[in-house]
Amino acid sequence: MKNLFYTTLTAVLVTAAPALVCAGYDGKIHDDNQWDSWNLVQLFNQYFRDQGMSYTSSDELYQDLGVQSITNWTTHGSSVVGAFKVAAFQHTLSVIGSNGQNLGSIYTVESNTNLGEGVGIVDIEGGFQLADGQNISFQLAAGIPSTVYDYTWSSDGENNPDGRTHMITFDVTDLYNAKNGTDFTSVYMMGWEDMPDGNAWTDWDYQDSVYFVTNLEPTDDRQHNHYETPEPATLFIFGLGIVGAAVARRYRKK
């Protein structure tokens, strides 16, 4: 009987270890600062430094706060409230309707402007409002006028010419509200890679353009990139139940 108890208890305690399950992203977020002075995790840690953020890599950040690729959102008083751009291209962030129509450009940063360089993500006073009640996806146009460089990327990786995910998403609702004293129902940080797969300048660091967007409701299934197994205490109680059942069966046999 004693052996049965310890065997079951050991199995319960081993099972109680948290299990990390990742999904929804098709590569590695690079932090080597090959072309730029900031990487994504540095931007994040600097912006939320008052909340004690100290992630060591963008991959670690994504495992903790990243969400699976969201292709469609519904707007509810939504607005762009923060931005960053360090790439040489002009960037225009647009919203795309459910029928594929471009509903309009909501933010443009010129090619000769490095928004937030030296200070990181900058707050946008008042925000750039999105039309309410729209079912949308996002699109980033990147290019230098009058040159051969001209790319347009969708927030839905399946719609991109290279088939890659060019926008990754983080749920920063609690952190943003705590930092700014707001009560938004959601705040997403969206990081973009502006160059195509295979280009010599493509580094997959997802910080060429970064935006904070508030009050979006995902219309696709949304799931955090990780989840944990049930809490150890719950599993311990469950394990004791198994032991009790085994004891009862043993005595019935006697």
# chains A, B, ... in the order shown; residues from 1 in each chain; ligands from 1

call {"tool": "closest_atom_pairs", "arguments": {"of": "region 127-202 of chain A", "to": "region 71-76 of chain A", "cutoff": "8 Å", "atoms": "only C-alpha atoms", "output": "Markdown table"}}
result
| residue | atom | partner | partner_atom | distance |
| --- | --- | --- | --- | --- |
| A:Leu130 | CA | A:Thr75 | CA | 7.0 |
| A:Ala131 | CA | A:Thr75 | CA | 7.0 |
| A:Asp132 | CA | A:Thr75 | CA | 5.2 |
| A:Gly133 | CA | A:Thr75 | CA | 5.1 |
| A:Gln134 | CA | A:Thr75 | CA | 5.4 |
| A:Asn135 | CA | A:Thr74 | CA | 4.5 |
| A:Ile136 | CA | A:Trp73 | CA | 5.3 |
| A:Ser137 | CA | A:Asn72 | CA | 4.9 |
| A:Ser155 | CA | A:Thr71 | CA | 6.0 |
| A:Asp156 | CA | A:Thr71 | CA | 4.9 |

call {"tool": "residues_around", "arguments": {"residues": "Asp171 (chain A)", "least_positions_apart": "3", "cutoff": "8 Å", "atoms": "only C-alpha atoms", "output": "ChimeraX atom specification"}}
result
/A:65-67,186-189

call {"tool": "select_by_dssp", "arguments": {"residues": "region 32-252 of chain A", "states": "helix (DSSP H, G or I)", "output": "tab-separated table (two decimals) with C-alpha atoms, in the first residue's frame"}}
result
chain	number	residue	atom	x	y	z
A	40	LEU	CA	12.09	44.34	-30.07
A	41	VAL	CA	12.74	43.16	-26.53
A	42	GLN	CA	14.76	46.32	-25.78
A	43	LEU	CA	11.85	48.45	-26.99
A	44	PHE	CA	9.46	46.51	-24.80
A	45	ASN	CA	11.64	46.54	-21.69
A	46	GLN	CA	12.36	50.25	-22.08
A	47	TYR	CA	8.70	51.22	-22.52
A	49	ARG	CA	10.55	49.61	-17.38
A	50	ASP	CA	8.37	51.09	-14.60
A	51	GLN	CA	6.57	47.75	-14.48
A	58	SER	CA	12.19	38.65	-27.97
A	59	ASP	CA	11.51	34.93	-28.19
A	60	GLU	CA	11.11	34.79	-24.40
A	61	LEU	CA	8.79	37.81	-24.61
A	62	TYR	CA	6.74	36.15	-27.34
A	63	GLN	CA	6.43	32.91	-25.39
A	64	ASP	CA	5.02	34.86	-22.45
A	65	LEU	CA	2.82	37.56	-24.03
A	157	GLY	CA	0.72	35.61	-43.31
A	158	GLU	CA	-1.18	33.44	-45.79
A	159	ASN	CA	-1.87	36.54	-47.88
A	173	THR	CA	-3.36	45.11	-21.94
A	174	ASP	CA	-2.57	44.88	-18.23
A	175	LEU	CA	0.90	46.36	-18.56
A	176	TYR	CA	-0.26	49.27	-20.72
A	177	ASN	CA	-3.20	50.10	-18.45
A	178	ALA	CA	-0.97	49.94	-15.36
A	179	LYS	CA	1.64	52.21	-16.94
A	180	ASN	CA	-0.77	54.80	-18.32
A	232	PRO	CA	0.15	21.72	-8.54
A	233	ALA	CA	-2.29	22.01	-5.63
A	234	THR	CA	-5.19	20.94	-7.84
A	235	LEU	CA	-3.25	18.00	-9.19
A	236	PHE	CA	-2.12	17.00	-5.68
A	237	ILE	CA	-5.72	16.83	-4.47
A	238	PHE	CA	-6.64	14.88	-7.59
A	239	GLY	CA	-3.74	12.49	-6.88
A	240	LEU	CA	-4.89	11.93	-3.32
A	241	GLY	CA	-8.30	11.05	-4.71
A	242	ILE	CA	-6.68	8.39	-6.87
A	243	VAL	CA	-4.83	7.01	-3.85
A	244	GLY	CA	-8.07	6.94	-1.84
A	245	ALA	CA	-9.86	5.07	-4.58
A	246	ALA	CA	-7.04	2.52	-4.71
A	247	VAL	CA	-7.20	2.04	-0.94
A	248	ALA	CA	-10.95	1.52	-1.07
A	249	ARG	CA	-10.63	-1.09	-3.79
A	250	ARG	CA	-7.91	-2.89	-1.80
A	251	TYR	CA	-10.09	-3.14	1.31
A	252	ARG	CA	-13.12	-4.27	-0.71

call {"tool": "residues_around", "arguments": {"residues": "region 89-95 of chain A", "least_positions_apart": "2", "cutoff": "9 Å", "atoms": "only C-alpha atoms", "output": "ChimeraX atom specification"}}
result
/A:85-87,97,101-113,130,136-145,149-150,194,208-209

call {"tool": "residues_around", "arguments": {"residues": "Gly126 (chain A)", "least_positions_apart": "2", "cutoff": "10 Å", "atoms": "only C-alpha atoms", "output": "list in words"}}
result
Ser79, Val80, Val81, Asp123, Ile124, Phe128 and Gln129 of chain A

call {"tool": "write_last_selection", "arguments": {"atoms": "C-alpha atoms", "output": "compact mmCIF listing (two decimals), in the first residue's frame"}}
result
# COMPACT_ATOMS: atom_id res chain seq x y z
CA SER A 79 -7.09 53.76 -31.81
CA VAL A 80 -3.34 53.66 -32.42
CA VAL A 81 -1.77 55.05 -29.24
CA ASP A 123 2.99 57.65 -27.04
CA ILE A 124 0.60 59.26 -29.52
CA PHE A 128 -5.40 57.74 -34.36
CA GLN A 129 -9.00 56.61 -34.38

call {"tool": "closest_residue", "arguments": {"among": "A:Trp38, A:Trp153, A:Trp204, A:Phe48", "to": "Val172 (chain A)", "atoms": "only C-alpha atoms"}}
result
A:Phe48

call {"tool": "residues_around", "arguments": {"residues": "Asp162 (chain A)", "least_positions_apart": "6", "cutoff": "12 Å", "atoms": "only C-alpha atoms", "output": "PyMOL selection string"}}
result
chain A and resi 151-154+156+194-199

call {"tool": "atom_distance", "arguments": {"atom1": "CA of Met167 (chain A)", "atom2": "CA of Trp201 (chain A)"}}
result
16.8 Å

call {"tool": "atom_distance", "arguments": {"atom1": "CA of Val122 (chain A)", "atom2": "CA of Phe84 (chain A)"}}
result
6.4 Å

call {"tool": "residues_around", "arguments": {"residues": "Val210 (chain A)", "least_positions_apart": "5", "cutoff": "6 Å", "atoms": "only C-alpha atoms", "output": "MDAnalysis selection string"}}
result
chainID A and resid 83:84 190:191

call {"tool": "residues_around", "arguments": {"residues": "Thr185 (chain A)", "least_positions_apart": "4", "cutoff": "9 Å", "atoms": "only C-alpha atoms", "output": "JSON, numbers by chain"}}
result
{"A": [173, 214, 215, 216, 217]}
